[in-house]
>>> print(open('structure-v8.pdb').read())   # PDB, C-alpha atoms and all ligand atoms
ATOM      1  CA  MET A  13      37.976  52.463 -57.194
ATOM      2  CA  ILE A  14      37.431  53.754 -60.725
ATOM      3  CA  HIS A  15      34.983  51.621 -62.685
ATOM      4  CA  SER A  16      35.424  51.294 -66.412
ATOM      5  CA  VAL A  17      33.654  49.846 -69.418
ATOM      6  CA  PRO A  18      35.431  46.612 -70.346
ATOM      7  CA  GLU A  19      36.571  46.152 -73.913
ATOM      8  CA  LEU A  20      34.170  44.217 -76.123
ATOM      9  CA  PRO A  21      35.437  40.725 -76.972
ATOM     10  CA  TYR A  22      34.346  41.288 -80.611
ATOM     11  CA  GLY A  23      34.384  44.075 -83.184
ATOM     12  CA  HIS A  24      31.664  46.718 -83.299
ATOM     13  CA  ASP A  25      30.363  45.318 -86.588
ATOM     14  CA  ALA A  26      30.790  41.641 -85.645
ATOM     15  CA  LEU A  27      27.180  41.079 -84.550
ATOM     16  CA  ALA A  28      25.626  42.638 -87.674
ATOM     17  CA  PRO A  29      23.080  42.349 -89.119
ATOM     18  CA  ALA A  30      21.356  41.123 -85.917
ATOM     19  CA  ILE A  31      22.893  44.040 -83.989
ATOM     20  CA  SER A  32      24.416  46.770 -86.144
ATOM     21  CA  ALA A  33      27.661  48.632 -85.526
ATOM     22  CA  GLU A  34      25.549  51.772 -85.023
ATOM     23  CA  THR A  35      23.602  50.117 -82.202
ATOM     24  CA  ILE A  36      26.870  48.997 -80.594
ATOM     25  CA  GLU A  37      28.254  52.516 -80.913
ATOM     26  CA  PHE A  38      25.254  53.966 -79.082
ATOM     27  CA  HIS A  39      24.387  51.128 -76.707
ATOM     28  CA  TYR A  40      27.882  50.041 -75.691
ATOM     29  CA  GLY A  41      29.703  53.264 -76.528
ATOM     30  CA  LYS A  42      27.265  55.792 -75.024
ATOM     31  CA  HIS A  43      24.548  54.255 -72.808
ATOM     32  CA  PHE A  44      26.806  51.741 -71.010
ATOM     33  CA  GLN A  45      29.576  54.357 -70.740
ATOM     34  CA  THR A  46      27.170  56.889 -69.218
ATOM     35  CA  TYR A  47      26.049  54.476 -66.479
ATOM     36  CA  VAL A  48      29.693  53.827 -65.595
ATOM     37  CA  ASP A  49      30.572  57.538 -65.668
ATOM     38  CA  ASN A  50      27.568  58.388 -63.469
ATOM     39  CA  LEU A  51      28.490  55.615 -61.040
ATOM     40  CA  ASN A  52      32.063  56.899 -60.725
ATOM     41  CA  LYS A  53      30.800  60.410 -59.968
ATOM     42  CA  MET A  54      28.258  59.191 -57.412
ATOM     43  CA  VAL A  55      30.473  56.831 -55.410
ATOM     44  CA  GLU A  56      33.374  59.257 -55.020
ATOM     45  CA  GLY A  57      33.690  60.075 -51.336
ATOM     46  CA  SER A  58      30.750  57.809 -50.444
ATOM     47  CA  PRO A  59      30.653  54.498 -48.516
ATOM     48  CA  TYR A  60      30.524  52.768 -51.916
ATOM     49  CA  GLU A  61      33.841  54.214 -53.080
ATOM     50  CA  ASP A  62      35.937  51.061 -52.611
ATOM     51  CA  MET A  63      33.299  48.453 -53.449
ATOM     52  CA  GLU A  64      33.129  46.240 -56.524
ATOM     53  CA  ILE A  65      30.037  46.873 -58.661
ATOM     54  CA  GLU A  66      28.329  43.657 -57.518
ATOM     55  CA  GLU A  67      28.603  44.717 -53.881
ATOM     56  CA  ILE A  68      27.183  48.166 -54.694
ATOM     57  CA  VAL A  69      24.264  46.458 -56.477
ATOM     58  CA  MET A  70      23.570  44.421 -53.341
ATOM     59  CA  LYS A  71      23.846  47.335 -50.895
ATOM     60  CA  ALA A  72      22.812  50.566 -52.611
ATOM     61  CA  GLY A  73      19.427  52.049 -53.433
ATOM     62  CA  GLY A  74      18.179  54.902 -55.570
ATOM     63  CA  ALA A  75      20.376  56.447 -58.236
ATOM     64  CA  VAL A  76      23.550  54.683 -57.043
ATOM     65  CA  PHE A  77      21.789  51.326 -57.367
ATOM     66  CA  ASN A  78      20.371  52.253 -60.783
ATOM     67  CA  ASN A  79      23.741  53.172 -62.261
ATOM     68  CA  ALA A  80      25.629  50.289 -60.610
ATOM     69  CA  ALA A  81      23.017  47.739 -61.686
ATOM     70  CA  GLN A  82      22.937  49.111 -65.233
ATOM     71  CA  ALA A  83      26.751  48.913 -65.357
ATOM     72  CA  TRP A  84      26.621  45.302 -64.134
ATOM     73  CA  ASN A  85      23.723  44.338 -66.425
ATOM     74  CA  HIS A  86      25.342  45.770 -69.552
ATOM     75  CA  ASP A  87      28.689  44.108 -68.865
ATOM     76  CA  PHE A  88      26.877  40.788 -68.388
ATOM     77  CA  TYR A  89      24.756  41.289 -71.525
ATOM     78  CA  PHE A  90      27.585  42.223 -73.891
ATOM     79  CA  ARG A  91      29.815  39.420 -72.584
ATOM     80  CA  THR A  92      27.067  36.860 -73.258
ATOM     81  CA  LEU A  93      26.965  37.636 -76.989
ATOM     82  CA  THR A  94      29.252  36.214 -79.645
ATOM     83  CA  PRO A  95      29.426  36.432 -83.439
ATOM     84  CA  VAL A  96      30.462  32.752 -83.588
ATOM     85  CA  PRO A  97      27.611  30.230 -83.181
ATOM     86  CA  VAL A  98      28.117  28.167 -80.027
ATOM     87  CA  GLN A  99      26.489  24.813 -79.436
ATOM     88  CA  MET A 100      24.715  24.399 -76.112
ATOM     89  CA  PRO A 101      26.626  22.198 -73.638
ATOM     90  CA  GLU A 102      24.807  19.031 -72.589
ATOM     91  CA  LEU A 103      24.561  19.943 -68.884
ATOM     92  CA  LEU A 104      22.716  23.172 -69.711
ATOM     93  CA  GLU A 105      20.462  21.368 -72.182
ATOM     94  CA  GLU A 106      19.560  18.838 -69.479
ATOM     95  CA  LYS A 107      18.783  21.518 -66.909
ATOM     96  CA  LEU A 108      16.675  23.507 -69.386
ATOM     97  CA  THR A 109      14.780  20.374 -70.395
ATOM     98  CA  LYS A 110      14.114  19.570 -66.745
ATOM     99  CA  ALA A 111      12.813  23.074 -66.034
ATOM    100  CA  PHE A 112      10.890  23.876 -69.219
ATOM    101  CA  GLY A 113      10.225  20.548 -71.004
ATOM    102  CA  SER A 114      12.680  21.143 -73.860
ATOM    103  CA  VAL A 115      15.157  23.721 -75.136
ATOM    104  CA  ALA A 116      12.564  24.834 -77.703
ATOM    105  CA  ASP A 117       9.999  25.376 -74.935
ATOM    106  CA  PHE A 118      12.570  27.360 -72.964
ATOM    107  CA  LYS A 119      13.238  29.560 -75.993
ATOM    108  CA  SER A 120       9.561  30.307 -76.538
ATOM    109  CA  GLU A 121       8.944  30.987 -72.832
ATOM    110  CA  PHE A 122      12.006  33.226 -72.587
ATOM    111  CA  ILE A 123      11.102  35.217 -75.696
ATOM    112  CA  LYS A 124       7.509  35.549 -74.502
ATOM    113  CA  ALA A 125       8.731  36.839 -71.133
ATOM    114  CA  ALA A 126      11.095  39.334 -72.795
ATOM    115  CA  ALA A 127       8.443  40.485 -75.265
ATOM    116  CA  THR A 128       5.906  41.157 -72.519
ATOM    117  CA  ILE A 129       8.045  43.290 -70.193
ATOM    118  CA  PHE A 130       6.110  46.547 -70.016
ATOM    119  CA  GLY A 131       8.476  49.416 -70.758
ATOM    120  CA  SER A 132      12.192  49.124 -70.021
ATOM    121  CA  GLY A 133      13.778  46.098 -68.431
ATOM    122  CA  TRP A 134      15.663  42.851 -68.728
ATOM    123  CA  ALA A 135      14.759  39.186 -69.252
ATOM    124  CA  TRP A 136      16.933  36.702 -67.382
ATOM    125  CA  LEU A 137      17.623  33.017 -67.080
ATOM    126  CA  CYS A 138      18.710  32.337 -63.504
ATOM    127  CA  GLU A 139      19.510  29.447 -61.229
ATOM    128  CA  ASP A 140      17.622  29.529 -57.945
ATOM    129  CA  LYS A 141      18.717  28.241 -54.529
ATOM    130  CA  GLU A 142      17.346  24.760 -55.324
ATOM    131  CA  GLU A 143      19.542  24.749 -58.471
ATOM    132  CA  SER A 144      16.487  24.928 -60.740
ATOM    133  CA  LEU A 145      16.473  27.200 -63.758
ATOM    134  CA  VAL A 146      13.917  30.006 -63.795
ATOM    135  CA  ILE A 147      13.007  32.852 -66.157
ATOM    136  CA  VAL A 148      12.849  36.235 -64.439
ATOM    137  CA  LYS A 149      11.635  39.594 -65.732
ATOM    138  CA  THR A 150      12.985  42.802 -64.180
ATOM    139  CA  GLN A 151      12.008  46.436 -64.726
ATOM    140  CA  ASN A 152      14.402  49.300 -65.439
ATOM    141  CA  ALA A 153      17.784  48.594 -63.761
ATOM    142  CA  ASP A 154      16.602  45.792 -61.457
ATOM    143  CA  ASN A 155      18.843  42.793 -61.188
ATOM    144  CA  PRO A 156      18.084  39.281 -59.867
ATOM    145  CA  LEU A 157      21.233  39.220 -57.697
ATOM    146  CA  THR A 158      19.191  41.156 -55.127
ATOM    147  CA  GLN A 159      16.611  38.326 -55.125
ATOM    148  CA  GLY A 160      19.293  35.750 -54.232
ATOM    149  CA  LEU A 161      19.304  34.315 -57.751
ATOM    150  CA  LYS A 162      22.326  33.449 -59.883
ATOM    151  CA  PRO A 163      22.043  35.110 -63.324
ATOM    152  CA  LEU A 164      23.075  32.918 -66.260
ATOM    153  CA  LEU A 165      21.781  34.905 -69.243
ATOM    154  CA  THR A 166      20.181  38.268 -69.849
ATOM    155  CA  VAL A 167      18.621  40.116 -72.761
ATOM    156  CA  ASP A 168      18.237  43.883 -72.637
ATOM    157  CA  VAL A 169      14.783  45.002 -73.754
ATOM    158  CA  TRP A 170      15.219  48.735 -73.209
ATOM    159  CA  GLU A 171      14.312  50.435 -76.483
ATOM    160  CA  HIS A 172      17.905  51.671 -76.866
ATOM    161  CA  ALA A 173      18.944  48.008 -77.339
ATOM    162  CA  TYR A 174      16.920  47.560 -80.531
ATOM    163  CA  TYR A 175      15.310  50.772 -81.768
ATOM    164  CA  ILE A 176      18.008  51.708 -84.307
ATOM    165  CA  ASP A 177      17.836  48.280 -85.991
ATOM    166  CA  TYR A 178      14.258  47.164 -85.386
ATOM    167  CA  ARG A 179      12.276  50.305 -84.472
ATOM    168  CA  ASN A 180       9.291  49.011 -82.471
ATOM    169  CA  ARG A 181       9.744  45.334 -83.453
ATOM    170  CA  ARG A 182      11.041  43.970 -80.153
ATOM    171  CA  ALA A 183      10.074  40.391 -81.101
ATOM    172  CA  ALA A 184      12.267  40.529 -84.239
ATOM    173  CA  TYR A 185      15.221  41.695 -82.108
ATOM    174  CA  LEU A 186      14.636  38.824 -79.672
ATOM    175  CA  GLU A 187      14.572  36.221 -82.481
ATOM    176  CA  ALA A 188      17.769  37.653 -83.988
ATOM    177  CA  ILE A 189      19.709  37.913 -80.748
ATOM    178  CA  TRP A 190      19.005  34.272 -79.938
ATOM    179  CA  ASN A 191      21.619  33.228 -82.515
ATOM    180  CA  LEU A 192      24.274  35.405 -80.835
ATOM    181  CA  ILE A 193      24.094  33.802 -77.381
ATOM    182  CA  ASP A 194      27.263  32.126 -76.194
ATOM    183  CA  TRP A 195      25.752  29.024 -74.579
ATOM    184  CA  GLU A 196      29.139  27.899 -73.263
ATOM    185  CA  LYS A 197      29.381  31.123 -71.241
ATOM    186  CA  VAL A 198      25.811  30.669 -70.011
ATOM    187  CA  ALA A 199      26.587  27.079 -68.942
ATOM    188  CA  GLY A 200      29.885  28.169 -67.390
ATOM    189  CA  ARG A 201      27.976  30.376 -64.960
ATOM    190  CA  LEU A 202      26.250  27.325 -63.466
ATOM    191  CA  VAL A 203      29.324  26.397 -61.443
TER     192      VAL A 203
HETATM  193 MN    MN B 301      20.893  48.776 -72.495
END
>>> encode(input="structure-v8.pdb", output="structure tokens")
Amino acid sequence: MIHSVPELPYGHDALAPAISAETIEFHYGKHFQTYVDNLNKMVEGSPYEDMEIEEIVMKAGGAVFNNAAQAWNHDFYFRTLTPVPVQMPELLEEKLTKAFGSVADFKSEFIKAAATIFGSGWAWLCEDKEESLVIVKTQNADNPLTQGLKPLLTVDVWEHAYYIDYRNRRAAYLEAIWNLIDWEKVAGRLV
């Protein structure tokens, strides 16, 4: 199976100024592409050759895991963003309020979690086995699927996600990206 980078559902300049076309060209066009290219090279002739990316993430380790998880994470990340503001569906609002006290409290906890990841990684909102919502921090390529969690939302905090637009100001990137989250997609992942 040949893996490929899916087409973006928006133009390269559609998320500007929060995320510039230049960042998309590097992050989506080069970093994401490289993970997918590496994965294709590594799985050829291996037991992972005919597996979907999610299955490789669950079964592989080492470099195969890293490239498969980064391919999965980036697809999930870019598909969660939208240039058109989306109102949060009521069911998601209720679940966030139950877990964090309010949507505003969720936002501040999520941004705090993302801001405090040491080095490269990802901040996630997930649903756990008890159907509660939890914030999870992962390092490098790690992905909460391997912890038995259902990912609903992720924000990439590798420097390549924000350094062109924000330099070292990760918190400014996190504030800006908040307005690009497609809450209907996030809520749709609950079912
Ligand atoms: Mn990235």
>>> closest_residue(input="structure-v8.pdb", among="A:Pro21, A:Pro95, A:Gly41, A:Pro156", to="ligand MN 301 (chain B)", atoms="all atoms listed in the file")
A:Gly41
>>> closest_residue(input="structure-v8.pdb", among="A:Leu164, A:Val55, A:Ala111, A:Cys138", to="A:Tyr89", atoms="all atoms listed in the file")
A:Leu164
>>> closest_residue(input="structure-v8.pdb", among="A:Phe77, A:Phe130, A:Tyr40, A:Tyr60", to="ligand MN 301 (chain B)", atoms="all atoms listed in the file")
A:Tyr40
>>> closest_atom_pairs(input="structure-v8.pdb", of="stretch 65-150 of chain A", to="stretch 182-196 of chain A", cutoff="8 Å", atoms="only C-alpha atoms", output="JSON lines")
{"residue": "A:Thr92", "atom": "CA", "partner": "A:Asp194", "partner_atom": "CA", "distance": 5.6}
{"residue": "A:Leu93", "atom": "CA", "partner": "A:Ile193", "partner_atom": "CA", "distance": 4.8}
{"residue": "A:Thr94", "atom": "CA", "partner": "A:Leu192", "partner_atom": "CA", "distance": 5.2}
{"residue": "A:Pro95", "atom": "CA", "partner": "A:Leu192", "partner_atom": "CA", "distance": 5.9}
{"residue": "A:Val96", "atom": "CA", "partner": "A:Leu192", "partner_atom": "CA", "distance": 7.3}
{"residue": "A:Pro97", "atom": "CA", "partner": "A:Leu192", "partner_atom": "CA", "distance": 6.6}
{"residue": "A:Val98", "atom": "CA", "partner": "A:Asp194", "partner_atom": "CA", "distance": 5.6}
{"residue": "A:Gln99", "atom": "CA", "partner": "A:Trp195", "partner_atom": "CA", "distance": 6.5}
{"residue": "A:Met100", "atom": "CA", "partner": "A:Trp195", "partner_atom": "CA", "distance": 5.0}
{"residue": "A:Pro101", "atom": "CA", "partner": "A:Glu196", "partner_atom": "CA", "distance": 6.2}
{"residue": "A:Ile123", "atom": "CA", "partner": "A:Leu186", "partner_atom": "CA", "distance": 6.4}
{"residue": "A:Ala126", "atom": "CA", "partner": "A:Leu186", "partner_atom": "CA", "distance": 7.8}
{"residue": "A:Ala127", "atom": "CA", "partner": "A:Ala183", "partner_atom": "CA", "distance": 6.1}
>>> atom_distance(input="structure-v8.pdb", atom1="atom CA of A:Val146", atom2="atom CA of A:Lys107")
10.3 Å
>>> closest_residue(input="structure-v8.pdb", among="A:Gly133, A:Gly23, A:Gly200, A:Gly160", to="A:His86", atoms="all atoms listed in the file")
A:Gly133
>>> resolve_selection(input="structure-v8.pdb", expression="the PyMOL selection byres (((chain A and resi 19) around 12) and not hetatm)", output="ChimeraX atom specification")
/A:16-18,20-24,40-41,44-45,87,90-91
>>> residues_near_ligand(input="structure-v8.pdb", ligand="ligand MN 301 (chain B)", cutoff="9 Å", atoms="only C-alpha atoms and all ligand atoms", output="MDAnalysis selection string")
chainID A and resid 39:40 43:44 82 85:86 89 133:134 167:173
>>> axis_aligned_box(input="structure-v8.pdb", around="stretch 91-109 of chain A", padding_each_side="8 Å", output="lines of an AutoDock Vina configuration file")
center_x = 22.6
center_y = 29.1
center_z = -75.2
size_x = 31.7
size_y = 36.6
size_z = 32.7
>>> resolve_selection(input="structure-v8.pdb", expression="the PyMOL selection byres (((chain A and resi 68) around 12) and not hetatm)", output="PDB file with C-alpha atoms, in the frame of the given file")
ATOM      1  CA  MET A  13      37.976  52.463 -57.194  1.00  0.00           C
ATOM      2  CA  HIS A  15      34.983  51.621 -62.685  1.00  0.00           C
ATOM      3  CA  LEU A  51      28.490  55.615 -61.040  1.00  0.00           C
ATOM      4  CA  ASN A  52      32.063  56.899 -60.725  1.00  0.00           C
ATOM      5  CA  MET A  54      28.258  59.191 -57.412  1.00  0.00           C
ATOM      6  CA  VAL A  55      30.473  56.831 -55.410  1.00  0.00           C
ATOM      7  CA  SER A  58      30.750  57.809 -50.444  1.00  0.00           C
ATOM      8  CA  PRO A  59      30.653  54.498 -48.516  1.00  0.00           C
ATOM      9  CA  TYR A  60      30.524  52.768 -51.916  1.00  0.00           C
ATOM     10  CA  GLU A  61      33.841  54.214 -53.080  1.00  0.00           C
ATOM     11  CA  ASP A  62      35.937  51.061 -52.611  1.00  0.00           C
ATOM     12  CA  MET A  63      33.299  48.453 -53.449  1.00  0.00           C
ATOM     13  CA  GLU A  64      33.129  46.240 -56.524  1.00  0.00           C
ATOM     14  CA  ILE A  65      30.037  46.873 -58.661  1.00  0.00           C
ATOM     15  CA  GLU A  66      28.329  43.657 -57.518  1.00  0.00           C
ATOM     16  CA  GLU A  67      28.603  44.717 -53.881  1.00  0.00           C
ATOM     17  CA  VAL A  69      24.264  46.458 -56.477  1.00  0.00           C
ATOM     18  CA  MET A  70      23.570  44.421 -53.341  1.00  0.00           C
ATOM     19  CA  LYS A  71      23.846  47.335 -50.895  1.00  0.00           C
ATOM     20  CA  ALA A  72      22.812  50.566 -52.611  1.00  0.00           C
ATOM     21  CA  GLY A  73      19.427  52.049 -53.433  1.00  0.00           C
ATOM     22  CA  GLY A  74      18.179  54.902 -55.570  1.00  0.00           C
ATOM     23  CA  ALA A  75      20.376  56.447 -58.236  1.00  0.00           C
ATOM     24  CA  VAL A  76      23.550  54.683 -57.043  1.00  0.00           C
ATOM     25  CA  PHE A  77      21.789  51.326 -57.367  1.00  0.00           C
ATOM     26  CA  ASN A  78      20.371  52.253 -60.783  1.00  0.00           C
ATOM     27  CA  ASN A  79      23.741  53.172 -62.261  1.00  0.00           C
ATOM     28  CA  ALA A  80      25.629  50.289 -60.610  1.00  0.00           C
ATOM     29  CA  ALA A  81      23.017  47.739 -61.686  1.00  0.00           C
ATOM     30  CA  GLN A  82      22.937  49.111 -65.233  1.00  0.00           C
ATOM     31  CA  ALA A  83      26.751  48.913 -65.357  1.00  0.00           C
ATOM     32  CA  TRP A  84      26.621  45.302 -64.134  1.00  0.00           C
ATOM     33  CA  ASN A 155      18.843  42.793 -61.188  1.00  0.00           C
ATOM     34  CA  LEU A 157      21.233  39.220 -57.697  1.00  0.00           C
ATOM     35  CA  THR A 158      19.191  41.156 -55.127  1.00  0.00           C
TER      36      THR A 158
END
>>> atom_distance(input="structure-v8.pdb", atom1="atom CA of A:Ser32", atom2="atom CA of A:Arg179")
12.8 Å
>>> closest_residue(input="structure-v8.pdb", among="A:Glu105, A:Asp49, A:Glu139, A:Asp25", to="A:Arg201", atoms="only C-alpha atoms")
A:Glu139
>>> atom_distance(input="structure-v8.pdb", atom1="atom CA of A:Ala30", atom2="atom CA of A:Ile176")
11.2 Å
>>> closest_residue(input="structure-v8.pdb", among="A:Lys149, A:Ser144, A:Ala28, A:Trp136", to="A:Pro163", atoms="only C-alpha atoms")
A:Trp136
>>> build_atoms(input="structure-v8.pdb", residues="stretch 74-85 of chain A", atoms="N, CA, C and O atoms", output="mmCIF file, in the frame of the given file")
data_model
loop_
_atom_site.group_PDB
_atom_site.id
_atom_site.type_symbol
_atom_site.label_atom_id
_atom_site.label_comp_id
_atom_site.auth_asym_id
_atom_site.auth_seq_id
_atom_site.Cartn_x
_atom_site.Cartn_y
_atom_site.Cartn_z
ATOM 1 N N GLY A 74 18.310 53.657 -54.818
ATOM 2 C CA GLY A 74 18.179 54.902 -55.570
ATOM 3 C C GLY A 74 19.080 54.992 -56.785
ATOM 4 O O GLY A 74 19.323 54.006 -57.472
ATOM 5 N N ALA A 75 19.600 56.186 -57.020
ATOM 6 C CA ALA A 75 20.376 56.447 -58.236
ATOM 7 C C ALA A 75 21.694 55.669 -58.256
ATOM 8 O O ALA A 75 22.166 55.264 -59.316
ATOM 9 N N VAL A 76 22.297 55.460 -57.080
ATOM 10 C CA VAL A 76 23.550 54.683 -57.043
ATOM 11 C C VAL A 76 23.262 53.251 -57.478
ATOM 12 O O VAL A 76 23.972 52.681 -58.320
ATOM 13 N N PHE A 77 22.188 52.671 -56.925
ATOM 14 C CA PHE A 77 21.789 51.326 -57.367
ATOM 15 C C PHE A 77 21.530 51.308 -58.868
ATOM 16 O O PHE A 77 22.004 50.427 -59.581
ATOM 17 N N ASN A 78 20.750 52.258 -59.357
ATOM 18 C CA ASN A 78 20.371 52.253 -60.783
ATOM 19 C C ASN A 78 21.591 52.249 -61.689
ATOM 20 O O ASN A 78 21.655 51.484 -62.652
ATOM 21 N N ASN A 79 22.560 53.097 -61.394
ATOM 22 C CA ASN A 79 23.741 53.172 -62.261
ATOM 23 C C ASN A 79 24.663 51.970 -62.076
ATOM 24 O O ASN A 79 25.223 51.466 -63.050
ATOM 25 N N ALA A 80 24.805 51.479 -60.842
ATOM 26 C CA ALA A 80 25.629 50.289 -60.610
ATOM 27 C C ALA A 80 25.002 49.061 -61.269
ATOM 28 O O ALA A 80 25.688 48.274 -61.927
ATOM 29 N N ALA A 81 23.695 48.911 -61.100
ATOM 30 C CA ALA A 81 23.017 47.739 -61.686
ATOM 31 C C ALA A 81 23.065 47.813 -63.208
ATOM 32 O O ALA A 81 23.326 46.800 -63.875
ATOM 33 N N GLN A 82 22.859 48.993 -63.775
ATOM 34 C CA GLN A 82 22.937 49.111 -65.233
ATOM 35 C C GLN A 82 24.359 48.832 -65.738
ATOM 36 O O GLN A 82 24.530 48.218 -66.793
ATOM 37 N N ALA A 83 25.367 49.235 -64.980
ATOM 38 C CA ALA A 83 26.751 48.913 -65.357
ATOM 39 C C ALA A 83 26.957 47.399 -65.321
ATOM 40 O O ALA A 83 27.513 46.800 -66.247
ATOM 41 N N TRP A 84 26.472 46.772 -64.265
ATOM 42 C CA TRP A 84 26.621 45.302 -64.134
ATOM 43 C C TRP A 84 25.845 44.588 -65.238
ATOM 44 O O TRP A 84 26.368 43.676 -65.892
ATOM 45 N N ASN A 85 24.596 45.005 -65.447
ATOM 46 C CA ASN A 85 23.723 44.338 -66.425
ATOM 47 C C ASN A 85 24.300 44.421 -67.841
ATOM 48 O O ASN A 85 24.270 43.440 -68.587
#
